[in-house]
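Reading through the structure tokens given below for one structure.
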Amino acid sequence: MIRAVVLAAVFLSGAALMSLEMAGFRLVQPEFGSDIIVWGSLISVFLGGLAIGAILGGRLADRRPALWKLGAILALGGVVALSIPLYSDAVLDYMFPGEGAPLPEEWGAGGTGAVGQLVVYMPPDLRWPTLGVGLLLFLVPSVLLGMVTPYAAKLLIHALGHLGAGVGKISGLSTVGAIVGTLGTTFYLITWMGTRWLLAVNGLVLVGLGLALALVHLATPRE
Amino acid sequence: MRVRVVAGIAALAAWVTILAAVPGASSEDSIIRYDRESRYYRIQVVDYPAQGRRCLHFSKSRGIQSSMILADPARLDLKYSQAMAAALALHREPRNVLVVGLGGASIPKFLQKYYPELELDIVELDPDVVRVCQDYFEFRGNAKTRVFVMDGRMYLKRAEKQYDLILLDAYAADHVPFHLTTVEFVQLVKSHLKPGGVVASNLWEKAINRFYLAELKTFQATFPQVYLLPAAQSGNIIVFGAMADEPVTPKEWVLRAEAIVRGRDIGFDLADLIGREYQCLTDRKIDEAVLTDDKAPVNTLRHEHPKHFEEEGASP
């Protein structure tokens, strides 16, 4: 039982992570354009979150690991995902203000030179603001979801048998979940439910998963 | 041994030659003038000497962005750009215009030549496209023309200026980016129109599909008057939104177009085009949902057939 729920948690948190990333692109594009900068920023934030989460999750797992703690991490990730629509507009506007911002005419006039004196205004540099949006909106949930894999490995360490094969299995399962989350979201879910519902559904799935782990924890007899 | 090496080299050479010959190398029909990767597109400028044309492609396989008659650079060559020009007859007296999406600058050059008094602002995402227009498409500046290099929505959100005409032609190769299709964007466009202002938007699809209808519905939800000019066989349709209380009849629109072309040759018959293609959509029932930032499944809708769309005298 424990093994099954932990593996389910690994798979679904991998799926939710990538689903959130895809939703992130839809959230950011209206304000920052369909630019490769947006893709680069968000992917980096999610990878960074995974890295930090892996280190933190590993450390936490060494201090009295418990199933309910993994459940708490997942539920917390879910709550953060649920809360994103509440402040996403404010964050986008803070990093690249709309109202009251400098007019496009003031963003640095170009005039790309002599050819017919074409007057050209160049855009502001949005690389760091875009990365900032990614960090503010998605670093916390991706750190939390990044903690799941090492924590799960620790919980199952006795059930896994060979350590190499066991850790490989968990890591592989998480990545397969990520693929399912990516394709499921881009091929179907974005079309069916739109961005806000997608965030909500991911959040609810994670909260539900956290509760399920806590219940299994309570139902399991202590040693 | 030596024979094998020679044969191997020969085979390799043959393979490389084949590869080099396949992807759009210059042939008798076409000469590639420019072919470079920009931050957003693969920009190609191709001459077709037999037709006397120069075309702009964002990847050749993905349609023509713009076409120029070499002998007459300011002429509107593509049917869709001619249909866009009908906006000039929908408005009584345009003083300024915003063009979103530069392409090969065909519409800006046309406006500079035939409407020299018009203030012309252009928003284009890709700085390389601006450069290519100057270097290959005879696009020149003047005191009334300004170019803003940025995303169209980004510009509109921050600009204060209002326009008589807004012409939307922002294509990422073969599709409009979703954030330039939604009701939030169309409302932003509306908020930058002066009283009596007109917006024209180019939609290009391979076939009538649900995205077309959803976008028409989105215009319907935003503007008091909505018209359609399908540009014959090219697959483009131009949708017009107007800030007027009463719809304009085809007769009125044609009369105004005739007034525009009176006494000069703009290279095509604007009045005839309007008279032939006019459709009023203001009260037409469209069975699709409005596109929103939250839910704009443009990629899926584009591949789906419309549920039903009663076409009164629609395009052939």
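We label chains A, B, ... in the order they appear in the structure tokens, count residues from 1 in each chain, and number ligands from 1 in the order shown.
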
Spatial neighbours of segment 202-209 of chain B, max dist 8 Å, only C-alpha atoms, sep filter under 2 positions, as number ranges by chain: B: 80, 84, 168-169, 174-176, 200, 211-213, 235-239, 301-306

Interface list for chain B, partner chain A, 6 Å threshold, only C-alpha atoms, as a ChimeraX atom specification: /B:140-141,146-151,158-159,179,294-295,297

Mind dumping the selected residues with C-alpha atoms as a short mmCIF file (atom, residue, chain, number, x, y, z; two decimals), in the first residue's frame?
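So selection-v3.cif came out as:
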data_model
loop_
_atom_site.label_atom_id
_atom_site.label_comp_id
_atom_site.auth_asym_id
_atom_site.auth_seq_id
_atom_site.Cartn_x
_atom_site.Cartn_y
_atom_site.Cartn_z
CA ARG B 140 11.78 54.16 -46.64
CA GLY B 141 11.11 56.43 -43.74
CA ARG B 146 7.38 55.57 -37.07
CA VAL B 147 8.29 51.95 -36.45
CA PHE B 148 8.07 50.32 -33.02
CA VAL B 149 9.97 47.07 -32.68
CA MET B 150 7.96 45.02 -30.21
CA ASP B 151 5.01 42.73 -29.68
CA ARG B 158 1.34 51.03 -23.16
CA ALA B 159 0.65 53.46 -26.00
CA HIS B 179 -2.51 36.33 -27.46
CA ASP B 294 -7.81 31.99 -20.35
CA LYS B 295 -9.28 29.80 -23.05
CA PRO B 297 -7.60 26.76 -28.02
#

Residue contacts of Leu218 of chain A (12 Å, only C-alpha atoms) excluding same-chain residues fewer than 4 positions away, as a PyMOL selection string: chain A and resi 2+66-69+71+211-214+222

The selected residues should be written to file as a tab-separated table (two decimals), in the first residue's frame (atoms: C-alpha atoms).
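Dumped to again09.tsv:
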chain	number	residue	atom	x	y	z
A	2	ILE	CA	2.66	2.47	1.04
A	66	ALA	CA	7.38	9.91	7.34
A	67	LEU	CA	4.69	9.39	4.80
A	68	TRP	CA	2.57	12.26	6.12
A	69	LYS	CA	5.48	14.67	5.63
A	71	GLY	CA	1.87	14.30	1.87
A	211	LEU	CA	-4.43	13.93	1.96
A	212	ALA	CA	-4.31	10.38	0.62
A	213	LEU	CA	-0.73	9.98	1.84
A	214	ALA	CA	-1.69	11.32	5.25
A	222	ARG	CA	3.39	2.02	13.93

Atom CA of Ser66 of chain B to atom CA of Phe139 of chain B, distance in Å rounded to a single decimal: 12.8 Å

Distance criterion (only C-alpha atoms): nearest to Gly177 of chain A out of A:Thr149, A:Leu47, A:Pro141, A:Ala54: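 Among the listed residues, the smallest separation from Gly177 of chain A belongs to A:Thr149.
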
d(atom CA of Ala75 of chain A, atom CA of Gly208 of chain A) in Å: 7.2 Å

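Within 6 Å of segment 184-197 of chain B, once only C-alpha atoms are used and residues closer than 3 positions along the same chain are dropped, the contacting residues are B:Gln162, B:Tyr163, B:Asp164, B:Leu165, B:Leu180, B:Met243, B:Ala244.
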
Suppose we keep C-alpha atoms; can you now write the selection as a PDB file, in the first residue's frame?
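Final output, saved to part_17.pdb:
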ATOM      1  CA  GLN B 162      -5.652  56.627 -30.547  1.00  0.00           C
ATOM      2  CA  TYR B 163      -6.105  55.850 -34.207  1.00  0.00           C
ATOM      3  CA  ASP B 164      -8.650  56.177 -36.973  1.00  0.00           C
ATOM      4  CA  LEU B 165      -7.544  52.903 -38.492  1.00  0.00           C
ATOM      5  CA  LEU B 180      -3.378  38.419 -30.548  1.00  0.00           C
ATOM      6  CA  MET B 243     -17.242  51.962 -34.205  1.00  0.00           C
ATOM      7  CA  ALA B 244     -20.398  53.110 -35.970  1.00  0.00           C
TER       8      ALA B 244
END

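Between atom CA of Gly263 of chain B and atom CA of Ser81 of chain B the interatomic distance comes to 21.4 Å.
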
Closest of A:Leu56, A:Val207, A:Ala153, A:Leu145 to Ala15 of chain A - atom-to-atom distances counting only C-alpha atoms: A:Leu145

Expected answer as a count of residues only: alpha helix (DSSP H) residues in chain A: 169

Write out as a PDB file with N, CA and C atoms, in the first residue's frame each polymer residue whose atoms come within 9 Å of Met68 of chain B, counting only C-alpha atoms; drop sequence neighbours fewer than 6 positions from it.
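This is the output file selection-v1.pdb:
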ATOM      1  N   GLY B  52       8.370  38.870 -62.331  1.00  0.00           N
ATOM      2  CA  GLY B  52       8.779  40.208 -61.916  1.00  0.00           C
ATOM      3  C   GLY B  52       8.436  40.496 -60.468  1.00  0.00           C
ATOM      4  N   ARG B  53       8.426  39.435 -59.637  1.00  0.00           N
ATOM      5  CA  ARG B  53       8.018  39.603 -58.248  1.00  0.00           C
ATOM      6  C   ARG B  53       9.153  39.297 -57.282  1.00  0.00           C
ATOM      7  N   ARG B  54       9.070  39.917 -56.128  1.00  0.00           N
ATOM      8  CA  ARG B  54       9.934  39.557 -55.005  1.00  0.00           C
ATOM      9  C   ARG B  54       9.041  39.232 -53.812  1.00  0.00           C
ATOM     10  N   CYS B  55       9.283  38.093 -53.184  1.00  0.00           N
ATOM     11  CA  CYS B  55       8.415  37.667 -52.084  1.00  0.00           C
ATOM     12  C   CYS B  55       9.186  37.513 -50.782  1.00  0.00           C
ATOM     13  N   LEU B  56       8.454  37.744 -49.704  1.00  0.00           N
ATOM     14  CA  LEU B  56       8.983  37.502 -48.363  1.00  0.00           C
ATOM     15  C   LEU B  56       8.345  36.231 -47.818  1.00  0.00           C
ATOM     16  N   ALA B  74       5.220  50.075 -54.592  1.00  0.00           N
ATOM     17  CA  ALA B  74       4.166  50.545 -53.688  1.00  0.00           C
ATOM     18  C   ALA B  74       2.816  49.917 -54.004  1.00  0.00           C
ATOM     19  N   ARG B  75       2.770  49.104 -55.053  1.00  0.00           N
ATOM     20  CA  ARG B  75       1.501  48.504 -55.440  1.00  0.00           C
ATOM     21  C   ARG B  75       1.131  47.360 -54.504  1.00  0.00           C
ATOM     22  N   LEU B  76      -0.149  47.230 -54.194  1.00  0.00           N
ATOM     23  CA  LEU B  76      -0.602  46.102 -53.378  1.00  0.00           C
ATOM     24  C   LEU B  76      -0.776  44.898 -54.284  1.00  0.00           C
ATOM     25  N   ASP B  77       0.094  43.914 -54.118  1.00  0.00           N
ATOM     26  CA  ASP B  77       0.106  42.784 -55.038  1.00  0.00           C
ATOM     27  C   ASP B  77      -0.815  41.660 -54.568  1.00  0.00           C
ATOM     28  N   LEU B  78      -0.737  41.309 -53.295  1.00  0.00           N
ATOM     29  CA  LEU B  78      -1.548  40.197 -52.799  1.00  0.00           C
ATOM     30  C   LEU B  78      -2.990  40.647 -52.574  1.00  0.00           C
ATOM     31  N   GLY B 104       6.282  42.485 -45.528  1.00  0.00           N
ATOM     32  CA  GLY B 104       7.156  43.091 -46.531  1.00  0.00           C
ATOM     33  C   GLY B 104       6.857  44.561 -46.742  1.00  0.00           C
ATOM     34  N   SER B 106       4.195  46.081 -47.539  1.00  0.00           N
ATOM     35  CA  SER B 106       3.403  46.455 -48.716  1.00  0.00           C
ATOM     36  C   SER B 106       2.328  47.480 -48.366  1.00  0.00           C
ATOM     37  N   PHE B 137      12.866  45.597 -49.825  1.00  0.00           N
ATOM     38  CA  PHE B 137      11.495  45.897 -50.236  1.00  0.00           C
ATOM     39  C   PHE B 137      11.222  47.398 -50.376  1.00  0.00           C
TER      40      PHE B 137
END

Do a neighbour search on Thr130 of chain A at 7 Å with only C-alpha atoms, toss out local chain neighbours closer than 4 positions, and write the hits as a PDB file with N, CA and C atoms, in the first residue's frame.
ATOM      1  N   VAL A  38      10.741  33.882 -23.142  1.00  0.00           N
ATOM      2  CA  VAL A  38       9.749  33.351 -22.208  1.00  0.00           C
ATOM      3  C   VAL A  38       9.990  31.864 -21.976  1.00  0.00           C
ATOM      4  N   SER A  41      13.245  31.358 -19.934  1.00  0.00           N
ATOM      5  CA  SER A  41      13.115  31.752 -18.535  1.00  0.00           C
ATOM      6  C   SER A  41      12.339  30.716 -17.735  1.00  0.00           C
ATOM      7  N   LEU A 126      13.661  42.760 -21.972  1.00  0.00           N
ATOM      8  CA  LEU A 126      12.748  42.067 -21.057  1.00  0.00           C
ATOM      9  C   LEU A 126      13.302  40.760 -20.524  1.00  0.00           C
ATOM     10  N   GLY A 134       8.986  34.393 -13.856  1.00  0.00           N
ATOM     11  CA  GLY A 134       9.087  32.948 -13.676  1.00  0.00           C
ATOM     12  C   GLY A 134       9.424  32.592 -12.234  1.00  0.00           C
TER      13      GLY A 134
END

Residue neighbourhood Leu156 of chain A, 10 Å, only C-alpha atoms, exclusion window fewer than 3 positions, as a PyMOL selection string: chain A and resi 2-3+6-7+150-153+159-161+163+166-167+170

Those selected residues, please, written with N, CA and C atoms and delivered as an mmCIF file, in the first residue's frame.
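Okay, this is what ended up in out-v3.cif:
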data_model
loop_
_atom_site.group_PDB
_atom_site.id
_atom_site.type_symbol
_atom_site.label_atom_id
_atom_site.label_comp_id
_atom_site.auth_asym_id
_atom_site.auth_seq_id
_atom_site.Cartn_x
_atom_site.Cartn_y
_atom_site.Cartn_z
ATOM 1 N N ILE A 2 1.781 1.306 0.977
ATOM 2 C CA ILE A 2 2.665 2.471 1.043
ATOM 3 C C ILE A 2 3.424 2.643 -0.265
ATOM 4 N N ARG A 3 3.929 1.516 -0.759
ATOM 5 C CA ARG A 3 4.698 1.553 -1.990
ATOM 6 C C ARG A 3 3.843 2.124 -3.129
ATOM 7 N N VAL A 6 3.163 5.945 -2.745
ATOM 8 C CA VAL A 6 4.374 6.747 -2.961
ATOM 9 C C VAL A 6 4.716 6.801 -4.448
ATOM 10 N N LEU A 7 4.608 5.650 -5.112
ATOM 11 C CA LEU A 7 4.891 5.645 -6.555
ATOM 12 C C LEU A 7 3.880 6.505 -7.311
ATOM 13 N N PRO A 150 13.537 12.497 -4.219
ATOM 14 C CA PRO A 150 14.457 11.955 -3.221
ATOM 15 C C PRO A 150 13.744 11.480 -1.958
ATOM 16 N N TYR A 151 12.675 12.211 -1.592
ATOM 17 C CA TYR A 151 11.941 11.817 -0.385
ATOM 18 C C TYR A 151 11.301 10.447 -0.576
ATOM 19 N N ALA A 152 10.722 10.265 -1.756
ATOM 20 C CA ALA A 152 10.100 8.973 -2.057
ATOM 21 C C ALA A 152 11.143 7.863 -2.039
ATOM 22 N N ALA A 153 12.337 8.160 -2.575
ATOM 23 C CA ALA A 153 13.395 7.146 -2.602
ATOM 24 C C ALA A 153 13.750 6.716 -1.179
ATOM 25 N N ALA A 159 12.040 -1.162 0.642
ATOM 26 C CA ALA A 159 11.234 -1.921 -0.311
ATOM 27 C C ALA A 159 11.917 -2.008 -1.681
ATOM 28 N N LEU A 160 12.868 -1.126 -1.884
ATOM 29 C CA LEU A 160 13.439 -1.028 -3.225
ATOM 30 C C LEU A 160 14.370 -2.183 -3.573
ATOM 31 N N GLY A 161 14.959 -2.766 -2.575
ATOM 32 C CA GLY A 161 15.954 -3.798 -2.877
ATOM 33 C C GLY A 161 17.243 -3.145 -3.299
ATOM 34 N N LEU A 163 19.651 -0.537 -4.523
ATOM 35 C CA LEU A 163 19.509 0.918 -4.444
ATOM 36 C C LEU A 163 19.551 1.556 -5.838
ATOM 37 N N GLY A 166 16.425 0.745 -7.773
ATOM 38 C CA GLY A 166 15.268 1.373 -7.135
ATOM 39 C C GLY A 166 15.205 2.863 -7.409
ATOM 40 N N VAL A 167 16.328 3.564 -7.206
ATOM 41 C CA VAL A 167 16.359 5.011 -7.442
ATOM 42 C C VAL A 167 16.118 5.300 -8.921
ATOM 43 N N ILE A 170 12.390 5.090 -9.623
ATOM 44 C CA ILE A 170 11.639 6.256 -9.155
ATOM 45 C C ILE A 170 11.879 7.458 -10.058
#

Proximity to Val183 of chain B - best of B:Leu156, B:Leu88, B:Ala289, B:Cys280, only C-alpha atoms: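 The closest residue to Val183 of chain B is B:Ala289.
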
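Among B:Leu98, B:Gln65, B:Lys144, B:Lys285, the residue with the shortest atom-to-atom distance to Lys113 of chain B, counting only C-alpha atoms, is B:Lys144.
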
Strand (DSSP E) positions in segment 152-266 of chain B, given as a VMD selection string: chain B and resid 163 to 168 193 to 204 225 to 230 236 to 242

Create the file for the chosen residues now, containing C-alpha atoms and written as a PDB file, in the first residue's frame.
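What ended up in out27.pdb:
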ATOM      1  CA  TYR B 163      -6.105  55.850 -34.207  1.00  0.00           C
ATOM      2  CA  ASP B 164      -8.650  56.177 -36.973  1.00  0.00           C
ATOM      3  CA  LEU B 165      -7.544  52.903 -38.492  1.00  0.00           C
ATOM      4  CA  ILE B 166      -5.817  49.876 -37.020  1.00  0.00           C
ATOM      5  CA  LEU B 167      -4.688  47.190 -39.446  1.00  0.00           C
ATOM      6  CA  LEU B 168      -3.838  43.829 -37.875  1.00  0.00           C
ATOM      7  CA  LEU B 193      -9.729  53.539 -31.807  1.00  0.00           C
ATOM      8  CA  LYS B 194     -11.067  57.077 -32.080  1.00  0.00           C
ATOM      9  CA  PRO B 195     -14.823  57.569 -32.393  1.00  0.00           C
ATOM     10  CA  GLY B 196     -15.766  56.256 -35.816  1.00  0.00           C
ATOM     11  CA  GLY B 197     -12.561  54.237 -35.969  1.00  0.00           C
ATOM     12  CA  VAL B 198     -12.124  51.052 -37.974  1.00  0.00           C
ATOM     13  CA  VAL B 199     -10.029  47.945 -37.450  1.00  0.00           C
ATOM     14  CA  ALA B 200      -9.225  45.422 -40.157  1.00  0.00           C
ATOM     15  CA  SER B 201      -7.705  42.057 -39.341  1.00  0.00           C
ATOM     16  CA  ASN B 202      -6.212  39.557 -41.738  1.00  0.00           C
ATOM     17  CA  LEU B 203      -6.977  35.908 -41.118  1.00  0.00           C
ATOM     18  CA  TRP B 204      -5.295  33.330 -43.260  1.00  0.00           C
ATOM     19  CA  GLN B 225     -20.423  46.686 -36.666  1.00  0.00           C
ATOM     20  CA  VAL B 226     -18.582  43.748 -38.184  1.00  0.00           C
ATOM     21  CA  TYR B 227     -17.962  43.067 -41.881  1.00  0.00           C
ATOM     22  CA  LEU B 228     -16.142  40.437 -43.838  1.00  0.00           C
ATOM     23  CA  LEU B 229     -14.304  40.526 -47.134  1.00  0.00           C
ATOM     24  CA  PRO B 230     -13.113  37.076 -48.185  1.00  0.00           C
ATOM     25  CA  ASN B 236      -7.472  34.982 -46.544  1.00  0.00           C
ATOM     26  CA  ILE B 237     -10.477  36.635 -45.058  1.00  0.00           C
ATOM     27  CA  ILE B 238     -10.407  40.177 -43.782  1.00  0.00           C
ATOM     28  CA  VAL B 239     -12.674  40.968 -40.874  1.00  0.00           C
ATOM     29  CA  PHE B 240     -13.543  44.610 -40.148  1.00  0.00           C
ATOM     30  CA  GLY B 241     -14.761  46.052 -36.880  1.00  0.00           C
ATOM     31  CA  ALA B 242     -16.255  49.544 -36.950  1.00  0.00           C
TER      32      ALA B 242
END

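Closest to Gly146 of chain A among A:Arg127, A:Gly77, A:Arg63, A:Val216 is A:Gly77, based on only C-alpha atoms.
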